[in-house]
>>> print(open('run00.cif').read())   # mmCIF, C-alpha atoms
data_data
#
loop_
_atom_site.label_atom_id
_atom_site.label_comp_id
_atom_site.auth_asym_id
_atom_site.auth_seq_id
_atom_site.Cartn_x
_atom_site.Cartn_y
_atom_site.Cartn_z
CA MET A 216 -21.58 9.47 -71.70
CA GLY A 217 -22.24 6.63 -74.15
CA LEU A 218 -20.11 3.77 -75.40
CA SER A 219 -17.03 4.68 -77.42
CA PRO A 220 -16.30 2.95 -80.75
CA ALA A 221 -13.53 1.02 -79.01
CA GLU A 222 -15.94 -0.15 -76.33
CA ARG A 223 -18.49 -1.20 -78.95
CA GLU A 224 -15.78 -3.24 -80.64
CA ARG A 225 -14.75 -4.80 -77.32
CA TYR A 226 -18.24 -5.86 -76.36
CA GLN A 227 -19.65 -6.71 -79.81
CA ARG A 228 -20.03 -10.44 -79.00
CA GLN A 229 -22.33 -9.73 -76.05
CA LEU A 230 -24.49 -7.13 -77.76
CA GLY A 231 -27.63 -8.20 -79.58
CA PRO A 232 -30.76 -10.35 -79.30
CA GLY A 233 -30.77 -12.64 -76.27
CA VAL A 234 -27.78 -10.89 -74.71
CA LEU A 235 -27.32 -7.20 -73.92
CA SER A 236 -28.81 -4.15 -75.54
CA GLU A 237 -26.59 -1.11 -76.02
CA ALA A 238 -28.55 0.54 -73.19
CA GLY A 239 -27.81 -2.48 -71.00
CA GLN A 240 -24.12 -2.35 -71.82
CA LEU A 241 -24.13 1.33 -70.95
CA GLN A 242 -25.78 0.51 -67.62
CA LEU A 243 -22.95 -1.92 -66.94
CA LYS A 244 -20.42 0.75 -67.76
CA GLN A 245 -22.06 3.19 -65.37
CA ALA A 246 -22.44 0.68 -62.53
CA THR A 247 -20.43 -0.07 -59.42
CA VAL A 248 -20.27 -3.51 -57.82
CA LEU A 249 -18.79 -4.63 -54.50
CA ILE A 250 -17.29 -8.12 -54.35
CA THR A 251 -16.12 -9.50 -51.07
CA ARG A 252 -14.10 -11.65 -51.07
CA VAL A 253 -12.33 -12.41 -54.33
CA GLY A 254 -11.13 -15.96 -53.66
CA GLY A 255 -12.49 -19.12 -55.22
CA MET A 256 -15.85 -17.67 -56.28
CA GLY A 257 -15.39 -13.91 -55.99
CA GLY A 258 -12.26 -14.04 -58.18
CA PRO A 259 -13.94 -15.64 -61.20
CA ALA A 260 -16.96 -13.43 -60.63
CA ALA A 261 -14.77 -10.31 -60.65
CA MET A 262 -12.98 -11.51 -63.79
CA ALA A 263 -16.27 -12.15 -65.60
CA LEU A 264 -17.60 -8.73 -64.60
CA ALA A 265 -14.39 -7.01 -65.66
CA MET A 266 -14.52 -8.72 -69.05
CA ALA A 267 -18.21 -7.84 -69.41
CA GLY A 268 -17.41 -4.16 -68.88
CA LEU A 269 -18.82 -3.46 -65.43
CA GLY A 270 -17.59 0.09 -64.93
CA ARG A 271 -16.29 0.09 -61.35
CA ILE A 272 -15.43 -3.05 -59.43
CA ILE A 273 -14.62 -2.78 -55.73
CA ILE A 274 -12.88 -5.87 -54.39
CA ALA A 275 -12.22 -6.58 -50.72
CA HIS A 276 -9.93 -9.33 -49.53
CA GLY A 277 -7.34 -9.28 -46.77
CA GLY A 278 -4.30 -11.39 -46.07
CA GLU A 279 -1.48 -12.97 -47.99
CA PHE A 280 -1.85 -15.43 -50.83
CA LEU A 281 -1.18 -19.05 -49.89
CA SER A 282 -0.02 -22.01 -51.96
CA ALA A 283 -3.19 -23.86 -50.97
CA ASP A 284 -5.27 -21.03 -52.52
CA LEU A 285 -4.02 -21.97 -55.97
CA ASN A 286 -6.42 -24.91 -56.34
CA ARG A 287 -9.29 -22.43 -56.79
CA GLN A 288 -8.31 -18.73 -56.64
CA MET A 289 -7.85 -17.97 -60.31
CA LEU A 290 -6.75 -14.37 -59.78
CA GLY A 291 -3.62 -15.70 -58.04
CA SER A 292 -0.40 -17.14 -59.43
CA GLU A 293 2.75 -18.92 -58.24
CA GLU A 294 4.55 -15.57 -58.26
CA ILE A 295 2.43 -13.99 -55.52
CA VAL A 296 2.50 -16.79 -52.93
CA GLY A 297 3.33 -15.15 -49.60
CA GLN A 298 2.40 -11.67 -50.81
CA ARG A 299 -0.54 -9.39 -50.08
CA ARG A 300 -3.11 -10.57 -52.57
CA VAL A 301 -5.60 -7.80 -53.24
CA ASP A 302 -3.28 -5.46 -55.17
CA HIS A 303 -2.24 -8.29 -57.49
CA PHE A 304 -5.84 -9.30 -57.96
CA ALA A 305 -6.78 -5.73 -58.87
CA GLY A 306 -3.93 -5.68 -61.38
CA ARG A 307 -5.21 -8.87 -63.00
CA LEU A 308 -8.64 -7.32 -63.44
CA ARG A 309 -7.26 -4.07 -64.87
CA GLY A 310 -5.18 -6.19 -67.24
CA VAL A 311 -8.21 -7.69 -68.96
CA ASN A 312 -10.12 -4.46 -69.44
CA HIS A 313 -8.64 -0.95 -69.49
CA PHE A 314 -12.11 0.56 -69.88
CA ILE A 315 -13.03 -0.19 -66.25
CA GLU A 316 -11.95 1.03 -62.81
CA VAL A 317 -10.95 -1.32 -60.00
CA GLU A 318 -10.73 -0.37 -56.32
CA ALA A 319 -8.91 -2.69 -53.93
CA ILE A 320 -9.61 -2.94 -50.20
CA ASP A 321 -7.15 -5.03 -48.21
CA HIS A 322 -9.54 -6.10 -45.47
CA GLU A 323 -13.06 -7.33 -44.88
CA PRO A 324 -15.33 -4.30 -44.36
CA ASP A 325 -17.00 -3.92 -40.96
CA ASP A 326 -20.67 -2.99 -40.64
CA GLU A 327 -20.13 0.74 -41.10
CA GLU A 328 -17.80 0.38 -44.08
CA ALA A 329 -19.98 -2.30 -45.69
CA LEU A 330 -22.97 0.04 -45.54
CA SER A 331 -20.98 2.94 -46.92
CA LEU A 332 -19.73 0.78 -49.80
CA ALA A 333 -23.18 -0.66 -50.44
CA ARG A 334 -24.60 2.83 -50.91
CA ARG A 335 -22.17 3.37 -53.80
CA CYS A 336 -23.18 0.14 -55.56
CA GLN A 337 -25.87 -1.24 -57.83
CA VAL A 338 -25.24 -4.82 -56.68
CA ILE A 339 -23.21 -6.67 -54.04
CA LEU A 340 -21.59 -10.06 -54.52
CA SER A 341 -21.14 -11.92 -51.24
CA CYS A 342 -18.41 -14.56 -51.47
CA PRO A 343 -16.73 -14.70 -48.03
CA PRO A 344 -15.95 -17.89 -46.09
CA THR A 345 -18.08 -17.21 -43.01
CA PHE A 346 -21.78 -16.77 -42.41
CA GLY A 347 -20.97 -13.87 -40.11
CA GLU A 348 -19.49 -11.91 -43.02
CA ARG A 349 -22.32 -12.94 -45.35
CA LEU A 350 -24.93 -11.74 -42.87
CA ARG A 351 -23.04 -8.46 -42.46
CA LEU A 352 -23.19 -7.87 -46.21
CA ASN A 353 -26.86 -8.85 -46.14
CA ARG A 354 -27.56 -6.20 -43.48
CA ALA A 355 -25.77 -3.59 -45.59
CA ALA A 356 -27.70 -4.66 -48.70
CA VAL A 357 -31.08 -4.50 -46.97
CA ARG A 358 -30.36 -1.15 -45.31
CA SER A 359 -29.22 0.38 -48.58
CA GLY A 360 -31.79 -1.35 -50.78
CA VAL A 361 -29.08 -2.83 -53.01
CA PRO A 362 -29.50 -6.34 -54.47
CA LEU A 363 -27.28 -9.04 -52.97
CA ILE A 364 -25.99 -12.15 -54.71
CA ASP A 365 -24.66 -14.74 -52.26
CA ALA A 366 -22.38 -17.43 -53.66
CA ALA A 367 -21.28 -20.36 -51.49
CA GLN A 368 -19.45 -23.63 -51.93
CA TRP A 369 -18.36 -26.82 -50.20
CA GLY A 370 -16.59 -29.77 -51.78
CA MET A 371 -18.18 -30.26 -55.20
CA THR A 372 -21.38 -28.42 -54.38
CA GLY A 373 -22.41 -24.80 -54.51
CA THR A 374 -25.36 -22.48 -53.94
CA LEU A 375 -26.39 -19.16 -55.38
CA THR A 376 -28.97 -16.96 -53.62
CA VAL A 377 -30.32 -13.69 -55.01
CA VAL A 378 -31.87 -11.13 -52.66
CA ARG A 379 -34.00 -8.16 -53.67
CA PRO A 380 -34.24 -6.13 -50.44
CA GLY A 381 -37.76 -5.43 -49.27
CA GLU A 382 -39.33 -7.83 -51.76
CA THR A 383 -37.74 -11.26 -51.32
CA ALA A 384 -36.26 -13.31 -48.51
CA CYS A 385 -32.92 -12.01 -47.27
CA LEU A 386 -30.10 -14.16 -45.88
CA ALA A 387 -31.30 -13.56 -42.32
CA CYS A 388 -34.72 -14.93 -43.33
CA ILE A 389 -33.22 -18.20 -44.49
CA TYR A 390 -30.52 -18.53 -41.81
CA PRO A 391 -32.32 -17.66 -38.55
CA GLU A 392 -29.53 -19.42 -36.66
CA LEU A 393 -25.87 -19.21 -37.59
CA PRO A 394 -24.76 -22.40 -39.37
CA PRO A 395 -21.46 -23.89 -38.16
CA PHE A 396 -18.23 -22.47 -39.54
CA GLU A 397 -15.60 -24.75 -41.01
CA GLU A 398 -12.35 -22.91 -41.61
CA LEU A 399 -10.58 -25.47 -43.78
CA PHE A 400 -13.56 -26.62 -45.81
CA PRO A 401 -12.86 -28.96 -48.71
CA VAL A 402 -13.39 -27.55 -52.20
CA VAL A 403 -12.59 -28.35 -55.81
CA GLY A 404 -11.75 -25.23 -57.80
CA ALA A 405 -14.02 -26.17 -60.70
CA ILE A 406 -17.14 -25.67 -58.55
CA SER A 407 -15.76 -22.36 -57.25
CA SER A 408 -15.38 -20.92 -60.72
CA ALA A 409 -18.74 -22.32 -61.86
CA ILE A 410 -20.64 -20.71 -58.99
CA GLY A 411 -18.62 -17.50 -59.24
CA SER A 412 -19.41 -17.23 -62.94
CA LEU A 413 -23.12 -17.77 -62.29
CA ALA A 414 -23.00 -15.05 -59.63
CA ALA A 415 -21.46 -12.69 -62.18
CA LEU A 416 -24.16 -13.55 -64.70
CA GLU A 417 -26.86 -12.66 -62.17
CA ALA A 418 -25.10 -9.34 -61.52
CA ILE A 419 -24.95 -8.59 -65.25
CA LYS A 420 -28.65 -9.40 -65.64
CA ILE A 421 -29.63 -7.24 -62.66
CA VAL A 422 -27.55 -4.22 -63.63
CA SER A 423 -28.44 -4.31 -67.32
CA HIS A 424 -32.10 -5.21 -66.76
CA THR A 425 -31.70 -8.26 -68.97
CA GLY A 426 -33.42 -11.64 -68.64
CA GLU A 427 -34.92 -12.95 -65.41
CA PRO A 428 -32.74 -12.70 -62.32
CA LEU A 429 -33.13 -15.43 -59.70
CA TRP A 430 -34.90 -13.04 -57.33
CA GLY A 431 -35.82 -14.77 -54.06
CA LYS A 432 -34.46 -18.11 -55.18
CA MET A 433 -31.61 -20.40 -54.27
CA LEU A 434 -29.96 -22.35 -57.05
CA LEU A 435 -28.08 -25.44 -55.90
CA TYR A 436 -25.66 -27.51 -57.90
CA ASP A 437 -24.43 -30.78 -56.42
CA GLY A 438 -21.60 -31.68 -58.74
CA TYR A 439 -20.82 -34.83 -56.78
CA HIS A 440 -24.14 -36.41 -57.75
CA GLY A 441 -24.86 -34.31 -60.84
CA ARG A 442 -28.03 -32.78 -59.38
CA MET A 443 -29.41 -29.29 -59.75
CA GLN A 444 -32.30 -27.76 -57.80
CA ARG A 445 -34.01 -24.39 -57.59
CA VAL A 446 -35.88 -23.35 -54.47
CA ASP A 447 -38.35 -20.50 -53.87
CA LEU A 448 -37.19 -18.93 -50.62
CA LEU A 449 -39.58 -18.02 -47.83
CA ARG A 450 -39.54 -14.50 -46.44
CA ARG A 451 -39.96 -14.38 -42.65
CA PRO A 452 -42.22 -11.54 -41.45
CA ALA A 453 -40.35 -11.63 -38.13
CA CYS A 454 -36.90 -11.40 -39.75
CA PRO A 455 -34.76 -9.04 -37.63
CA VAL A 456 -33.12 -7.59 -40.73
CA CYS A 457 -35.90 -7.19 -43.33
CA GLY A 458 -39.08 -7.91 -41.33
CA ALA A 459 -41.67 -5.48 -40.05
CA ALA A 460 -39.91 -5.05 -36.71
CA ALA A 461 -36.68 -4.04 -38.45
CA ALA A 462 -38.45 -1.27 -40.35
CA MET B 84 -47.64 -43.15 -50.12
CA LYS B 85 -43.99 -42.54 -50.90
CA VAL B 86 -42.03 -39.32 -50.53
CA ARG B 87 -38.46 -38.70 -51.53
CA VAL B 88 -35.85 -37.13 -49.24
CA LEU B 89 -32.75 -35.58 -50.78
CA VAL B 90 -29.81 -34.02 -48.99
CA MET B 91 -27.73 -31.32 -50.66
CA GLY B 92 -25.09 -28.92 -49.46
CA ARG B 93 -22.41 -29.58 -46.93
CA SER B 94 -23.47 -33.07 -45.89
CA TYR B 95 -23.78 -34.69 -49.31
CA ASP B 96 -20.96 -37.15 -48.74
CA SER B 97 -22.07 -38.44 -45.35
CA ALA B 98 -25.68 -38.47 -46.53
CA ALA B 99 -24.97 -41.01 -49.27
CA ALA B 100 -26.13 -43.88 -47.04
CA TRP B 101 -29.18 -42.09 -45.67
CA PRO B 102 -32.64 -43.23 -46.79
CA GLU B 103 -33.88 -41.45 -49.92
CA GLU B 104 -37.44 -42.71 -49.92
CA LEU B 105 -39.95 -43.08 -47.13
CA ASP B 106 -43.30 -44.84 -46.90
CA VAL B 107 -45.63 -42.49 -45.04
CA SER B 108 -49.36 -42.48 -44.35
CA GLU B 109 -51.78 -40.43 -46.46
CA GLY B 110 -51.99 -36.89 -45.14
CA ALA B 111 -48.70 -37.14 -43.22
CA ARG B 112 -47.40 -33.85 -41.89
CA LEU B 113 -43.91 -32.62 -42.64
CA GLY B 114 -42.81 -32.68 -38.98
CA GLU B 115 -43.88 -36.31 -38.56
CA VAL B 116 -42.04 -37.36 -41.69
CA LEU B 117 -38.86 -35.54 -40.69
CA SER B 118 -39.02 -37.29 -37.30
CA GLN B 119 -39.49 -40.65 -39.03
CA TRP B 120 -36.56 -39.92 -41.31
CA SER B 121 -34.43 -38.78 -38.39
CA ARG B 122 -35.11 -42.03 -36.51
CA ALA B 123 -33.83 -43.97 -39.51
CA LEU B 124 -30.44 -42.28 -39.27
CA GLY B 125 -27.58 -43.59 -37.21
CA GLU B 126 -26.24 -41.99 -34.05
CA GLY B 127 -24.31 -38.80 -34.75
CA GLN B 128 -25.91 -38.43 -38.19
CA GLN B 129 -28.66 -35.96 -37.29
CA PRO B 130 -28.96 -32.92 -39.56
CA GLN B 131 -27.93 -29.56 -38.12
CA ASN B 132 -30.70 -27.32 -36.86
CA SER B 133 -29.70 -24.75 -39.48
CA CYS B 134 -30.46 -27.13 -42.38
CA LEU B 135 -32.98 -25.61 -44.78
CA VAL B 136 -36.12 -27.66 -45.39
CA THR B 137 -37.94 -27.46 -48.71
CA VAL B 138 -40.79 -29.49 -50.18
CA SER B 139 -41.07 -29.78 -53.96
CA GLY B 140 -39.12 -26.57 -54.52
CA ARG B 141 -40.81 -24.54 -51.76
CA HIS B 142 -38.72 -23.41 -48.79
CA LEU B 143 -40.52 -23.96 -45.50
CA GLY B 144 -37.88 -23.03 -42.93
CA THR B 145 -35.13 -24.93 -41.16
CA TRP B 146 -34.80 -28.32 -39.52
CA SER B 147 -35.62 -26.76 -36.15
CA GLN B 148 -38.11 -24.06 -37.26
CA HIS B 149 -40.32 -24.85 -40.22
CA GLN B 150 -43.89 -24.35 -41.36
CA ASP B 151 -46.35 -27.20 -41.11
CA TYR B 152 -47.21 -28.87 -44.39
CA GLU B 153 -49.37 -31.78 -45.48
CA LEU B 154 -47.37 -33.97 -47.80
CA ARG B 155 -48.73 -35.43 -51.01
CA ALA B 156 -47.65 -38.53 -52.89
CA GLY B 157 -44.56 -37.81 -54.95
CA ASP B 158 -43.46 -34.83 -52.88
CA GLU B 159 -39.72 -34.35 -52.68
CA ILE B 160 -38.28 -33.14 -49.39
CA LEU B 161 -34.95 -31.42 -49.88
CA LEU B 162 -32.65 -30.81 -46.91
CA ILE B 163 -29.94 -28.25 -47.56
CA ALA B 164 -27.01 -28.13 -45.19
CA PRO B 165 -25.87 -24.52 -45.57
CA VAL B 166 -22.51 -23.92 -47.18
CA ALA B 167 -20.27 -20.86 -47.04
CA GLY B 168 -16.71 -21.14 -48.27
CA GLY B 169 -14.96 -18.32 -50.11
#
>>> encode(input="run00.cif", output="structure tokens")
Amino acid sequence: MGLSPAERERYQRQLGPGVLSEAGQLQLKQATVLITRVGGMGGPAAMALAMAGLGRIIIAHGGEFLSADLNRQMLGSEEIVGQRRVDHFAGRLRGVNHFIEVEAIDHEPDDEEALSLARRCQVILSCPPTFGERLRLNRAAVRSGVPLIDAAQWGMTGTLTVVRPGETACLACIYPELPPFEELFPVVGAISSAIGSLAALEAIKIVSHTGEPLWGKMLLYDGYHGRMQRVDLLRRPACPVCGAAAA
Amino acid sequence: MKVRVLVMGRSYDSAAAWPEELDVSEGARLGEVLSQWSRALGEGQQPQNSCLVTVSGRHLGTWSQHQDYELRAGDEILLIAPVAGG
């Protein structure tokens, strides 16, 4: 099924040279993406993908919304403080684009569920607060062969890593030992939305076969010092997730 | 010859006072230079083992497990303290 006249009107500003072809827009419409979680980075990423017309967006995020989340979680509002967040977040996404479907999961998927969800998707956006959860999504992505975009932040800095399973380094290649976890990490919301938006752009490029995705690279933005870097990531042959032994 | 050392990621604030340029001998190996840089840091300022190590845009491993590499004048060593945060 192609794009309707109403959809063509909705997306007219992103169709054309240097942006999306009609075929690319149709690929977005037909795609499914998993975003976990939808806080500081995942929220803006989900919003950008909803506005771009990504057909089915699955969001996963447990717990109740806190006042302290409002410095960065743009899908929240004063009205939902103290309430279960994911249903409200799903409503916000549906509110910006009635052409798309949104599924809401009120918890962080375990290994089995993550793999099952990954197999339904064309791309996974990893935006959780712990490396344990990120590595779980990475395992699901590698096992299912689905690209993974990992967005991370701290203070005024952020990183974006794009994994093409079987061809580039995966998260387990670059984090052979678990980095320390800091529950109440400092963060300014402006970096969250910047990194989240870049993650969404990578997803749009991958799904619509547009431009040059950051395959196998880490993009770093240090907003504190105004520095940007791009790194070619090294794949480890002995990686327990994507290396020869894993196969 | 001189090589530059930059720190990005989680430690950028505490790394502000860390040395950004090192004088090293011609043909210096990455491990030697990281040790020299580490000795210049104060107590309790050592990078985490999980820090990524890159040279001039090429990822070579982590602080504790990285490939050997012969540095050249003008190389930039980038240490990335991994960040998560949702």
>>> atom_distance(input="run00.cif", atom1="CA of Met433 in chain A", atom2="CA of Leu154 in chain B")
21.8 Å
>>> resolve_selection(input="run00.cif", expression="the PyMOL selection byres ((chain B and resi 105-118) around 9)", output="list of chain:residue names")
B:Met84, B:Lys85, B:Val86, B:Arg87, B:Val88, B:Pro102, B:Glu103, B:Glu104, B:Gln119, B:Trp120, B:Ser121, B:Arg122, B:Ala123, B:Val138, B:Trp146, B:His149, B:Gln150, B:Asp151, B:Tyr152, B:Glu153, B:Leu154, B:Arg155, B:Ala156, B:Ile160
>>> write_last_selection(input="run00.cif", atoms="C-alpha atoms", output="short mmCIF file (atom, residue, chain, number, x, y, z; two decimals), keeping the file's coordinate frame")
data_model
loop_
_atom_site.label_atom_id
_atom_site.label_comp_id
_atom_site.auth_asym_id
_atom_site.auth_seq_id
_atom_site.Cartn_x
_atom_site.Cartn_y
_atom_site.Cartn_z
CA MET B 84 -47.64 -43.15 -50.12
CA LYS B 85 -43.99 -42.54 -50.90
CA VAL B 86 -42.03 -39.32 -50.53
CA ARG B 87 -38.46 -38.70 -51.53
CA VAL B 88 -35.85 -37.13 -49.24
CA PRO B 102 -32.64 -43.23 -46.79
CA GLU B 103 -33.88 -41.45 -49.92
CA GLU B 104 -37.44 -42.71 -49.92
CA GLN B 119 -39.49 -40.65 -39.03
CA TRP B 120 -36.56 -39.92 -41.31
CA SER B 121 -34.43 -38.78 -38.39
CA ARG B 122 -35.11 -42.03 -36.51
CA ALA B 123 -33.83 -43.97 -39.51
CA VAL B 138 -40.79 -29.49 -50.18
CA TRP B 146 -34.80 -28.32 -39.52
CA HIS B 149 -40.32 -24.85 -40.22
CA GLN B 150 -43.89 -24.35 -41.36
CA ASP B 151 -46.35 -27.20 -41.11
CA TYR B 152 -47.21 -28.87 -44.39
CA GLU B 153 -49.37 -31.78 -45.48
CA LEU B 154 -47.37 -33.97 -47.80
CA ARG B 155 -48.73 -35.43 -51.01
CA ALA B 156 -47.65 -38.53 -52.89
CA ILE B 160 -38.28 -33.14 -49.39
#
>>> residues_around(input="run00.cif", residues="range 336-348 of chain A", least_positions_apart="4", cutoff="6 Å", atoms="only C-alpha atoms", output="list in words")
Thr247, Val248, Leu249, Ile250, Thr251, Arg252, Gly257, Val361, Pro362, Leu363, Ile364, Asp365 and Ala366 of chain A; Ala167, Gly168 and Gly169 of chain B
>>> atom_distance(input="run00.cif", atom1="CA of Leu449 in chain A", atom2="CA of Leu352 in chain A")
19.3 Å
>>> resolve_selection(input="run00.cif", expression="the PyMOL selection byres ((chain B) within 12 of (chain A))", output="VMD selection string")
chain B and resid 89 to 96 98 to 99 130 to 150 159 to 169
>>> atom_distance(input="run00.cif", atom1="CA of Arg351 in chain A", atom2="CA of Gln129 in chain B")
28.5 Å
>>> resolve_selection(input="run00.cif", expression="the PyMOL selection byres ((chain A and resi 334) around 9)", output="number ranges by chain")
A: 329-333, 335-337, 355-356, 358-361
>>> residues_around(input="run00.cif", residues="Leu413 in chain A", least_positions_apart="4", cutoff="8 Å", atoms="all atoms listed in the file", output="PyMOL selection string")
chain A and resi 260+375+409+417
>>> residues_around(input="run00.cif", residues="range 224-235 of chain A", least_positions_apart="2", cutoff="8 Å", atoms="all atoms listed in the file", output="list in words")
Pro220, Ala221, Glu222, Glu237, Ala238, Gly239, Gln240, Ala267, Gly268, Ser423 and Thr425 of chain A
>>> write_last_selection(input="run00.cif", atoms="C-alpha atoms", output="PDB file, keeping the file's coordinate frame")
ATOM      1  CA  PRO A 220     -16.300   2.950 -80.750  1.00  0.00           C
ATOM      2  CA  ALA A 221     -13.530   1.020 -79.010  1.00  0.00           C
ATOM      3  CA  GLU A 222     -15.940  -0.150 -76.330  1.00  0.00           C
ATOM      4  CA  GLU A 237     -26.590  -1.110 -76.020  1.00  0.00           C
ATOM      5  CA  ALA A 238     -28.550   0.540 -73.190  1.00  0.00           C
ATOM      6  CA  GLY A 239     -27.810  -2.480 -71.000  1.00  0.00           C
ATOM      7  CA  GLN A 240     -24.120  -2.350 -71.820  1.00  0.00           C
ATOM      8  CA  ALA A 267     -18.210  -7.840 -69.410  1.00  0.00           C
ATOM      9  CA  GLY A 268     -17.410  -4.160 -68.880  1.00  0.00           C
ATOM     10  CA  SER A 423     -28.440  -4.310 -67.320  1.00  0.00           C
ATOM     11  CA  THR A 425     -31.700  -8.260 -68.970  1.00  0.00           C
TER      12      THR A 425
END
>>> closest_residue(input="run00.cif", among="A:Cys454, A:Leu218, A:Asp284, A:Gln242", to="Ala418 in chain A", atoms="all atoms listed in the file")
A:Gln242
>>> decode(input="run00.cif", residues="range 438-444 of chain A", atoms="all heavy atoms", output="compact mmCIF listing (two decimals), in the first residue's frame")
# COMPACT_ATOMS: atom_id res chain seq x y z
N GLY A 438 29.56 19.09 24.55
CA GLY A 438 29.00 20.44 24.53
C GLY A 438 29.68 21.37 25.52
O GLY A 438 29.66 22.59 25.35
N TYR A 439 30.27 20.81 26.55
CA TYR A 439 30.95 21.63 27.57
C TYR A 439 32.11 22.39 26.94
O TYR A 439 32.30 23.57 27.21
CB TYR A 439 31.43 20.71 28.69
CG TYR A 439 31.95 21.42 29.92
CD1 TYR A 439 31.08 21.85 30.92
CD2 TYR A 439 33.31 21.63 30.09
CE1 TYR A 439 31.56 22.48 32.05
CE2 TYR A 439 33.79 22.27 31.22
CZ TYR A 439 32.91 22.69 32.21
OH TYR A 439 33.40 23.32 33.32
N HIS A 440 32.89 21.69 26.10
CA HIS A 440 34.04 22.32 25.47
C HIS A 440 33.80 22.67 24.00
O HIS A 440 34.69 23.22 23.36
CB HIS A 440 35.27 21.37 25.53
CG HIS A 440 35.76 21.11 26.91
ND1 HIS A 440 35.48 19.94 27.60
CD2 HIS A 440 36.48 21.88 27.76
CE1 HIS A 440 36.05 19.99 28.79
NE2 HIS A 440 36.64 21.15 28.93
N GLY A 441 32.63 22.32 23.48
CA GLY A 441 32.35 22.60 22.08
C GLY A 441 33.18 21.77 21.13
O GLY A 441 33.64 22.25 20.09
N ARG A 442 33.38 20.49 21.46
CA ARG A 442 34.19 19.60 20.62
C ARG A 442 33.32 18.49 20.03
O ARG A 442 32.44 17.98 20.70
CB ARG A 442 35.28 18.91 21.45
CG ARG A 442 36.35 19.83 22.00
CD ARG A 442 37.19 19.04 22.99
NE ARG A 442 38.28 19.84 23.53
CZ ARG A 442 38.88 19.58 24.69
NH1 ARG A 442 38.52 18.56 25.42
NH2 ARG A 442 39.86 20.35 25.10
N MET A 443 33.64 18.11 18.82
CA MET A 443 32.96 16.97 18.21
C MET A 443 34.02 16.03 17.64
O MET A 443 35.02 16.49 17.09
CB MET A 443 32.00 17.43 17.11
CG MET A 443 31.17 16.32 16.55
SD MET A 443 29.86 16.89 15.46
CE MET A 443 28.58 17.31 16.64
N GLN A 444 33.80 14.74 17.77
CA GLN A 444 34.74 13.74 17.26
C GLN A 444 33.96 12.60 16.63
O GLN A 444 32.82 12.32 17.02
CB GLN A 444 35.60 13.16 18.40
CG GLN A 444 36.51 14.16 19.08
CD GLN A 444 37.87 14.27 18.42
OE1 GLN A 444 38.22 13.44 17.58
NE2 GLN A 444 38.63 15.29 18.78
